[in-house]
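Peer 1: Attaching a single structure in structure tokens format; questions to follow.
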Amino acid sequence: MIRILLSLFLLIAALPARAEVDIKEITTPGGLTAWLVEDHAIPFVALELRFRGGASLDVQDARGATNLMVGLLEEGAADMDAQAFARARDALAAKFSYNVSDDAVAVSAQFLTENREAALDLLRASLVEPSFSPEALERVRQQVLSGLRSARTDPRDLMSKAFDGLVFGDHPYGSQLEGTVESVEALNREDIVAAHARGLTREQVYISAVGDITEADLATLLDDLLGDLPQEGAPLPAEADLNLPGGVEVVPFETPQSVAAFAQRGVDRDDPDFFAAFVLNHILGGGGFESRLMTEVREKRGLTYGVYSYLADKDAAQLWMGSVASANDRVAEAISVIRDQWARIRDEGVTAEELQDAKTYLTGAFPLRFEGNGPIASIAVGMQMDGLPLDYIANRNDMVNAVTLEQINRVARERLDPEALTFVVVGQPEGLDEQVN
Amino acid sequence: MRNLTVWLFAALTAILPLSVMAQTSEQVTSFALDNGMQVVVIEDHRAPVVTHMVWYRAGSADERPGVSGVAHFLEHLLFKGTKTMEPGEFSSTVARNGGSDNAFTSYDYTAYFQRIAADRLDLVMGMEADRMINLQLDEADIATERDVIIEERNQRVENNPSALFREQKSATQYLNHRYGVPIIGWRHEMEALDLDAALDFYEMYYAPNNAILVVAGDVTPDEVRRLAEQHYGVIPANTDLPERTRPQEPPQLAERRMTMRDARVSEPYVTRSYLAPERDSGAQKEAAALMLLAELLGGGQTSFLNERLQFNEKIAVQVGAWYSATSLDDTTFDLAVVPAAGVSLQQAEDALDEALTAFLETGPDAEALERIKMQVRAEEVYDRDDAGGLARRYGRALTQGLTVEDVQAWPGILQDTTPEQIMQAARRVLDRSQSVTGWLMAPEVTQ
């Protein structure tokens with residue numbers, strides 16, 4: 001009975017590694033707050049900036065302006081055109097990336113200690129003095145339009161579009177952040193300048209830095225980098241009014257495999273039941289191969305390559321979401337199994353063993369995230385966006401471990417709602433009753 | 001604006017960006033066990049985490065004819081049981097210990113890995129060694145998992161015209177070599193994969209003398225050696241391991257062209273690929289020249305093709321160039337152009353050819369080359385932040401005919417590459433008579 005002995009041993013040995021990340025909060029003379037992990041092992045710094053608001057700050061009739069604005073930040077700044085900017089950045093071997101999501105503009109930078117000041121001057125130019133030249137605007141507009149045209153015949157893009165429209169309606173989340181071909185064609189330079197003024201401000205920014213830099217140097221550098229941005233931006237959008245009627249909406253599209261998104265109401269991070277819901281989701285569909293959805297849909301029935309569920313905690317909406325993809329003649333069965341599992345875990349709850357396994361996984365996996373300056377900087381800025389305290393990293397596993405069987409099963413009963421679970425399917429699904437309740 | 005490229009080209013296999021070229025020799029130790037298993041240890045003591053990988057020198061290009069996809073199918077089946085482990089127990093044990101695990105298959109290798117707290121290395125090594133020799137499969141495992149890989153093919157390939165197009169391109173590029181057959185397999189052959197095919201591949205290739213152990217993270221070489229000897233050292237070598245030779249490409253004498261139409265294509269584009277030499281052990285200079293050539297031609301905003309086709313002529317919305325340097329056998333040098341609105345594929349292709357001709361006449365811009373070399377040097381710093389990435393680099397290189405010394409020599413070879421060497425390689429490779437040109441477009445509209 002080697003196996004049993006081994007298992008017993010594992011239970012005893014399974015104490016997770018501790019996440020030891022020494023984060024300091026600093027305030028610059030200019031009044032910016034940043035989180036710093038000072039680590040001089042490798043001569044570079046990973047810097048993360050997040051500007052809250054993101055594409056949701058687009059004004060009516062200029063949908064896609066923030067996305068296009070962010071795409072233009074590295075396309076010319078100060079006295080440099082796009083290529084001069086790229087040449088300067090590459091000559092310093094600095095790495096900048098600019099991304100936009102529904103809730104934030106994200107700027108990530110990595111730069112060597114040996115040319116830190118020059119790299120930051122360049123980054124500053126892109127954030128504070130972007131040119132938005134007509135030439136660059138036109139070129140990047142064509143790139144965005146190219147992507148939008150492709151999205152018209154991509155099953156996953158069609159799925160997101162239909163899902164967002166159904167669930168979020170008139171809220172900014174209800175349309176695609178890239179805009180539409182029509183809205184992007186209509187954008188002009190004033191729209192872009194306005195999006196920049198709304199979206200990149202000192203009031204909205206969250207900052208983290210990890211690597212080879214001291215507190216004092218970081219403070220000076222941040223004031224130089226962001227000091228000339230406007231203080232205040234636009235107000236954030238109101239909470240979304242969720243439409244989750246239950247049932248299935250089908251978007252017909254000729255392709256061999258149907259892709260599906262599904263959702264019900266989620267749980268806010270501030271909710272006292274958040275950790276119970278988080279652990280519950282892990283057991284339901286959040287893990288790797290062990291979750292109930294993976295076991296039932298993939299491992300037992302071979303209906304899909306992957307099926308997942310997750311808690312989507314957006315600034316203005318909380319969803320309990322999931323996705324699956326199955327051949328057109330099998331997707332109806334996959335959806336039926338997902339619904340059954342959703343109902344089963346609500347009605348029967350989870351077992352003590354499942355709860356224990358989930359806790360061991362989640363608490364053990366947590367410290368593995370903190371590997372490398374880049375990942376740590378990204379986590380640290382995300383924590384600030386979520387309003388988490390500095391000691392969250394030290395205490396987070398205790399909060400996972402505090403979830404009881406009673407609590408998790410109560411949360412399953414109260415929160416899971418298979419009747420409201422709403423599916424959007426793109427493809428040619430067979431034998432699927434299309435009916436949005 | 002660079003993230004646009006993702007939708008189009010992300011799935012090109014085994015494309016190595018410049019970021020794979022680091023000098024990190026001080027972190028790396030390598031040795032071999034008595035049974036022939038090679039071991040590479042990459043130390044990074046900043047976090048108490050370890051990445052444990054076993055790489056087999058066996059990928060889809062090592063399959064027998066008629067069972068395409070079996071290398072990848074077997075990869076899935078290794079998560080079923082062994083003589084002492086239940087199906088699924090491997091991953092659930094890793095998960096119960098706070099780790100994650102997975103595997104991947106390519107033309108030249110199959111690799112299995114776990115990321116876990118460093119004090120669990122003993123555990124995952126024991127389990128990985130177990131499934132190297134004790135795999136136990138039954139017909140039921142086969143049937144369900146075959147459905148899973150077919151859904152995987154649906155997801156990755158059948159639902160994506162660009163992926164189908166790439167399959168056709170590879171099949172057109174390689175007349176004789178197995179690189180012309182998709183890693184995941186042709187659908188009709190996948191549907192017929194059975195237990196015998198999987199076990200045949202397993203018994204032929206899964207053995208310590210055909211495997212490389214790579215351990216990266218908070219470990220010491222001594223500790224890894226002790227554990228590796230305990231778990232892997234006791235497994236006998238496979239003395240019947242076949243020599244790794246595959247059918248090679250004949251010289252390509254005629255240019256090949258293909259046009260694929262699919263109703264799901266909204267943005268047509270043109271691709272060009274040339275058969276090209278790969279990095280060989282002790283002979284990496286031409287590959288280094290081609291790597292720099294790809295950067296000079298298509299790496300970012302200031303590259304030759306982007307400057308000319310996107311900025312000056314406004315023919316293209318996107319241009320890219322890639323060279324898959326690490327490969328066991330002949331590889332490819334790839335170009336792609338997404339034309340601007342109103343520009344035909346023929347016009348885009350002509351503009352590409354004119355640009356290549358111009359490049360062959362003028363040669364590389366000295367400042368551009370210097371910037372690329374600066375980035376190569378900087379990667380030696382950035383790479384130290386990613387021990388897992390280093391682990392993948394060594395695993396890949398060692399299954400594709402290179403040595404630890406070759407990997408460590410590579411950044412220096414890149415630095416020493418001259419404009420003349422780049423032009424020599426460019427003239428040799430950028431020859432239309434040994435190329436495949438592909439057009440991917442929507443169906444013609446008939447009135």
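Identifiers in the structure tokens: chain A, B, ... in order shown; residue index from 1 per chain; ligand index from 1 in order shown.
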What are the residues of chain B lining chain A at 6 Å or less? Count only C-alpha atoms, and put the answer as a VMD selection string.

Peer 2: chain B and resid 1 95 to 99 144 147 to 148 151 to 152 154 159 264 266 to 267 302 317 371 375 385

Peer 1: May I have the selected residues written with C-alpha atoms, as a tab-separated table (two decimals), in the first residue's frame?

Peer 2:
chain	number	residue	atom	x	y	z
B	1	MET	CA	1.38	49.92	-31.21
B	95	ALA	CA	-2.30	20.66	-6.85
B	96	ARG	CA	-2.74	19.44	-3.27
B	97	ASN	CA	0.82	20.57	-2.74
B	98	GLY	CA	0.14	24.00	-4.08
B	99	GLY	CA	1.83	23.39	-7.41
B	144	THR	CA	-12.21	9.84	-23.95
B	147	ASP	CA	-12.21	13.11	-28.02
B	148	VAL	CA	-10.36	15.72	-25.96
B	151	GLU	CA	-11.70	19.20	-29.43
B	152	GLU	CA	-8.25	20.67	-28.92
B	154	ASN	CA	-11.11	22.12	-33.19
B	159	ASN	CA	-11.97	27.21	-35.77
B	264	ARG	CA	-14.04	33.45	-41.93
B	266	SER	CA	-11.94	39.33	-43.03
B	267	GLU	CA	-8.41	40.62	-43.44
B	302	THR	CA	12.12	50.85	-37.14
B	317	VAL	CA	-0.91	47.81	-41.81
B	371	ARG	CA	20.52	48.90	-31.42
B	375	GLN	CA	19.03	44.77	-26.85
B	385	ASP	CA	14.54	37.59	-13.76

Peer 1: With a distance cut-off of 6 Å and only C-alpha atoms, select the neighbouring residues of range 175-188 of chain B, excluding the residue or stretch itself and same-chain residues fewer than 6 positions from it, and output the selection as a PDB file with N, CA and C atoms, in the first residue's frame.

Peer 2:
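The result, stored in result_7.pdb:
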ATOM      1  N   SER B  60       6.634  15.327 -32.615  1.00  0.00           N
ATOM      2  CA  SER B  60       5.786  14.839 -33.707  1.00  0.00           C
ATOM      3  C   SER B  60       6.608  14.435 -34.932  1.00  0.00           C
ATOM      4  N   ALA B  61       7.762  15.064 -35.126  1.00  0.00           N
ATOM      5  CA  ALA B  61       8.567  14.710 -36.302  1.00  0.00           C
ATOM      6  C   ALA B  61       9.285  13.372 -36.127  1.00  0.00           C
ATOM      7  N   SER B  68      -0.033  10.445 -37.220  1.00  0.00           N
ATOM      8  CA  SER B  68       0.298  11.824 -36.847  1.00  0.00           C
ATOM      9  C   SER B  68      -0.515  12.236 -35.625  1.00  0.00           C
ATOM     10  N   GLY B  69       0.140  12.943 -34.734  1.00  0.00           N
ATOM     11  CA  GLY B  69      -0.513  13.379 -33.498  1.00  0.00           C
ATOM     12  C   GLY B  69      -0.254  12.457 -32.325  1.00  0.00           C
ATOM     13  N   PRO B 247      13.861  11.613 -42.446  1.00  0.00           N
ATOM     14  CA  PRO B 247      13.974  11.937 -43.871  1.00  0.00           C
ATOM     15  C   PRO B 247      14.199  13.437 -44.044  1.00  0.00           C
ATOM     16  N   GLN B 248      15.180  13.817 -44.819  1.00  0.00           N
ATOM     17  CA  GLN B 248      15.504  15.236 -44.983  1.00  0.00           C
ATOM     18  C   GLN B 248      14.904  15.799 -46.268  1.00  0.00           C
ATOM     19  N   GLU B 249      14.871  17.127 -46.332  1.00  0.00           N
ATOM     20  CA  GLU B 249      14.348  17.790 -47.518  1.00  0.00           C
ATOM     21  C   GLU B 249      15.322  17.656 -48.688  1.00  0.00           C
TER      22      GLU B 249
END

Peer 1: When distances are computed from only C-alpha atoms, which of B:Pro251, B:Gly81, B:Pro208, B:Gly300 shows the smallest separation from Ala276 in chain B?

Peer 2: B:Pro251

Peer 1: Name all residues at most 8 Å from Ala197 in chain A (count only C-alpha atoms; drop same-chain ones fewer than 4 positions away) and give them as an mmCIF file with C-alpha atoms, in the first residue's frame.

Peer 2:
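Result saved to out19.cif:
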data_model
loop_
_atom_site.group_PDB
_atom_site.id
_atom_site.type_symbol
_atom_site.label_atom_id
_atom_site.label_comp_id
_atom_site.auth_asym_id
_atom_site.auth_seq_id
_atom_site.Cartn_x
_atom_site.Cartn_y
_atom_site.Cartn_z
ATOM 1 C CA VAL A 193 -6.504 64.643 -26.887
ATOM 2 C CA THR A 201 -4.163 61.835 -14.487
ATOM 3 C CA PRO A 230 -3.227 66.833 -14.921
ATOM 4 C CA GLY A 233 -9.740 63.314 -14.754
#

Peer 1: Looking at B:Tyr274, B:Tyr232, B:Tyr323, B:Phe104, which one is nearest to Arg432 in chain B, with distances taken over only C-alpha atoms?

Peer 2: B:Tyr274

Peer 1: Report, in Å to a single decimal, how far apart CA of Thr29 in chain B and CA of Gly388 in chain B are.

Peer 2: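 Spanning CA of Gly388 in chain B to CA of Thr29 in chain B is a straight-line distance of 15.0 Å.
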
Peer 1: Between CA of Thr271 in chain B and CA of Asp334 in chain B, what distance in Å does the model show, to one decimal?

Peer 2: 7.2 Å

Peer 1: List the spatial neighbours of range 405-419 of chain B as an NGL selection string - criterion: any atom at most 9 Å away, only C-alpha atoms, same-chain residues fewer than 2 positions off excluded.

Peer 2: :B and (21-25 or 280-286 or 288-289 or 291-292 or 363-366 or 369 or 373-374 or 376-377 or 380 or 393-394 or 397-398 or 402-403 or 421-424)

Peer 1: If you count only C-alpha atoms, which residues fall within 12 Å of Ala209 in chain A, apart from same-chain ones fewer than 5 positions away, as an MDAnalysis selection string?

Peer 2: chainID A and resid 23:26 33:39 44:50 107:111 214:215 217:219 221:222 373:381

Peer 1: Those same residues - C-alpha atoms - I'd like them written as a compact mmCIF listing (two decimals), in the first residue's frame.

Peer 2:
# COMPACT_ATOMS: atom_id res chain seq x y z
CA ILE A 23 6.68 45.98 0.18
CA LYS A 24 7.14 49.55 1.36
CA GLU A 25 4.70 52.32 0.69
CA ILE A 26 6.33 55.62 -0.21
CA THR A 33 1.95 57.19 -3.50
CA ALA A 34 3.81 54.11 -4.71
CA TRP A 35 4.61 50.61 -3.53
CA LEU A 36 8.24 49.60 -3.73
CA VAL A 37 10.03 46.28 -3.41
CA GLU A 38 13.70 47.12 -3.29
CA ASP A 39 15.84 44.27 -4.61
CA PHE A 44 17.01 46.68 -13.65
CA VAL A 45 13.63 47.93 -12.47
CA ALA A 46 10.12 46.79 -13.33
CA LEU A 47 7.70 49.72 -13.07
CA GLU A 48 3.92 49.36 -13.29
CA LEU A 49 1.42 52.20 -13.65
CA ARG A 50 -2.33 51.77 -13.72
CA VAL A 107 1.71 51.04 -18.56
CA SER A 108 4.53 48.57 -17.91
CA ALA A 109 8.17 49.48 -18.17
CA GLN A 110 11.44 47.68 -17.62
CA PHE A 111 14.72 49.55 -17.82
CA THR A 214 16.06 53.07 -3.60
CA GLU A 215 13.12 54.85 -2.01
CA ASP A 217 15.52 57.63 -6.18
CA LEU A 218 12.08 56.27 -6.91
CA ALA A 219 10.39 59.29 -5.36
CA LEU A 221 11.89 59.66 -10.58
CA LEU A 222 8.12 59.44 -10.14
CA ASN A 373 10.47 41.55 -10.53
CA GLY A 374 7.96 41.86 -13.35
CA PRO A 375 5.30 39.57 -11.81
CA ILE A 376 5.74 41.12 -8.34
CA ALA A 377 5.31 44.65 -9.69
CA SER A 378 2.18 43.61 -11.51
CA ILE A 379 0.68 41.98 -8.40
CA ALA A 380 1.55 44.99 -6.24
CA VAL A 381 -0.19 47.45 -8.52

Peer 1: Between A:Leu293, A:Leu166, A:Val128, A:Val184, which is the closest to Asp61 in chain A once you count only C-alpha atoms?

Peer 2: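 Using only C-alpha atoms, Asp61 in chain A sits closest to A:Val184.
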
Peer 1: Have a look at CA of Leu335 in chain B and CA of Glu420 in chain B and let me know their distance in Å, one decimal.

Peer 2: 21.6 Å

Peer 1: May I ask which of the residues B:Ile142, B:Glu307, B:Pro443, B:Asp108 is the closest one to Thr245 in chain B, counting only C-alpha atoms?

Peer 2: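 Nearest to Thr245 in chain B: B:Asp108.
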
Peer 1: Taking only C-alpha atoms into account, which of A:Met69, A:Leu244, A:Ala343, A:Ile283 comes nearest Asp191 in chain A?

Peer 2: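 Going through A:Met69, A:Leu244, A:Ala343, A:Ile283 one by one, the smallest distance to Asp191 in chain A is for A:Met69.
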
Peer 1: For Asp58 in chain A, which residue among A:Glu406, A:Glu138, A:Glu178, A:Asp164 is the nearest when counting only C-alpha atoms?

Peer 2: A:Glu178

Peer 1: Taking only range 296-346 of chain A into account, list the residues labelled alpha helix (DSSP H) by DSSP (computed from the backbone), as a PDB file with N, CA and C atoms, in the first residue's frame.

Peer 2:
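Everything below was put into result_26.pdb:
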ATOM      1  N   VAL A 331     -21.901  20.515 -28.157  1.00  0.00           N
ATOM      2  CA  VAL A 331     -21.929  21.648 -27.228  1.00  0.00           C
ATOM      3  C   VAL A 331     -23.204  21.642 -26.373  1.00  0.00           C
ATOM      4  N   ALA A 332     -24.305  21.122 -26.922  1.00  0.00           N
ATOM      5  CA  ALA A 332     -25.541  21.081 -26.124  1.00  0.00           C
ATOM      6  C   ALA A 332     -25.324  20.205 -24.889  1.00  0.00           C
ATOM      7  N   GLU A 333     -24.623  19.085 -25.085  1.00  0.00           N
ATOM      8  CA  GLU A 333     -24.366  18.203 -23.949  1.00  0.00           C
ATOM      9  C   GLU A 333     -23.425  18.884 -22.945  1.00  0.00           C
ATOM     10  N   ALA A 334     -22.411  19.577 -23.466  1.00  0.00           N
ATOM     11  CA  ALA A 334     -21.473  20.270 -22.568  1.00  0.00           C
ATOM     12  C   ALA A 334     -22.226  21.286 -21.710  1.00  0.00           C
ATOM     13  N   ILE A 335     -23.120  22.036 -22.320  1.00  0.00           N
ATOM     14  CA  ILE A 335     -23.880  23.047 -21.579  1.00  0.00           C
ATOM     15  C   ILE A 335     -24.784  22.392 -20.542  1.00  0.00           C
ATOM     16  N   SER A 336     -25.371  21.287 -20.928  1.00  0.00           N
ATOM     17  CA  SER A 336     -26.238  20.582 -19.997  1.00  0.00           C
ATOM     18  C   SER A 336     -25.447  20.075 -18.782  1.00  0.00           C
ATOM     19  N   VAL A 337     -24.267  19.555 -19.023  1.00  0.00           N
ATOM     20  CA  VAL A 337     -23.435  19.076 -17.901  1.00  0.00           C
ATOM     21  C   VAL A 337     -23.026  20.257 -17.002  1.00  0.00           C
ATOM     22  N   ILE A 338     -22.689  21.379 -17.611  1.00  0.00           N
ATOM     23  CA  ILE A 338     -22.299  22.550 -16.811  1.00  0.00           C
ATOM     24  C   ILE A 338     -23.464  22.989 -15.919  1.00  0.00           C
ATOM     25  N   ARG A 339     -24.641  23.070 -16.495  1.00  0.00           N
ATOM     26  CA  ARG A 339     -25.828  23.449 -15.701  1.00  0.00           C
ATOM     27  C   ARG A 339     -26.062  22.473 -14.549  1.00  0.00           C
ATOM     28  N   ASP A 340     -25.935  21.178 -14.854  1.00  0.00           N
ATOM     29  CA  ASP A 340     -26.149  20.164 -13.810  1.00  0.00           C
ATOM     30  C   ASP A 340     -25.135  20.322 -12.679  1.00  0.00           C
ATOM     31  N   GLN A 341     -23.896  20.585 -13.053  1.00  0.00           N
ATOM     32  CA  GLN A 341     -22.867  20.739 -12.021  1.00  0.00           C
ATOM     33  C   GLN A 341     -23.100  22.000 -11.191  1.00  0.00           C
ATOM     34  N   TRP A 342     -23.574  23.022 -11.867  1.00  0.00           N
ATOM     35  CA  TRP A 342     -23.870  24.282 -11.170  1.00  0.00           C
ATOM     36  C   TRP A 342     -24.969  24.026 -10.121  1.00  0.00           C
ATOM     37  N   ALA A 343     -25.980  23.254 -10.522  1.00  0.00           N
ATOM     38  CA  ALA A 343     -27.088  22.945  -9.598  1.00  0.00           C
ATOM     39  C   ALA A 343     -26.627  21.988  -8.500  1.00  0.00           C
ATOM     40  N   ARG A 344     -25.805  21.023  -8.886  1.00  0.00           N
ATOM     41  CA  ARG A 344     -25.399  20.008  -7.920  1.00  0.00           C
ATOM     42  C   ARG A 344     -24.571  20.613  -6.793  1.00  0.00           C
ATOM     43  N   ILE A 345     -23.663  21.491  -7.138  1.00  0.00           N
ATOM     44  CA  ILE A 345     -22.810  22.056  -6.086  1.00  0.00           C
ATOM     45  C   ILE A 345     -23.626  23.013  -5.214  1.00  0.00           C
ATOM     46  N   ARG A 346     -24.635  23.655  -5.813  1.00  0.00           N
ATOM     47  CA  ARG A 346     -25.521  24.491  -4.993  1.00  0.00           C
ATOM     48  C   ARG A 346     -26.305  23.616  -4.003  1.00  0.00           C
TER      49      ARG A 346
END

Peer 1: Excluding same-chain residues fewer than 4 positions from Leu120 in chain A, what lies within 7 Å of it counting only C-alpha atoms, as a list in words?

Peer 2: Arg116, Arg124 and Leu225 of chain A

Peer 1: So that I have them on file, write out the residues from the current selection with N, CA and C atoms, as a PDB file, in the first residue's frame.

Peer 2:
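New file part-v4.pdb:
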ATOM      1  N   ARG A 116      18.871  54.440 -16.546  1.00  0.00           N
ATOM      2  CA  ARG A 116      17.548  54.655 -15.973  1.00  0.00           C
ATOM      3  C   ARG A 116      16.977  56.048 -16.298  1.00  0.00           C
ATOM      4  N   ARG A 124       8.421  59.342 -19.894  1.00  0.00           N
ATOM      5  CA  ARG A 124       7.699  60.555 -19.537  1.00  0.00           C
ATOM      6  C   ARG A 124       7.152  61.251 -20.787  1.00  0.00           C
ATOM      7  N   LEU A 225       8.458  61.885 -13.634  1.00  0.00           N
ATOM      8  CA  LEU A 225       7.712  61.123 -14.646  1.00  0.00           C
ATOM      9  C   LEU A 225       6.277  61.620 -14.780  1.00  0.00           C
TER      10      LEU A 225
END

Peer 1: Excluding Tyr308 in chain A and any residue of its chain fewer than 3 positions from it, enumerate the residues within 6 Å of it, using only C-alpha atoms, and give them as a list in words.

Peer 2: Gly285, Gly286, Gly322 and Ser323 of chain A
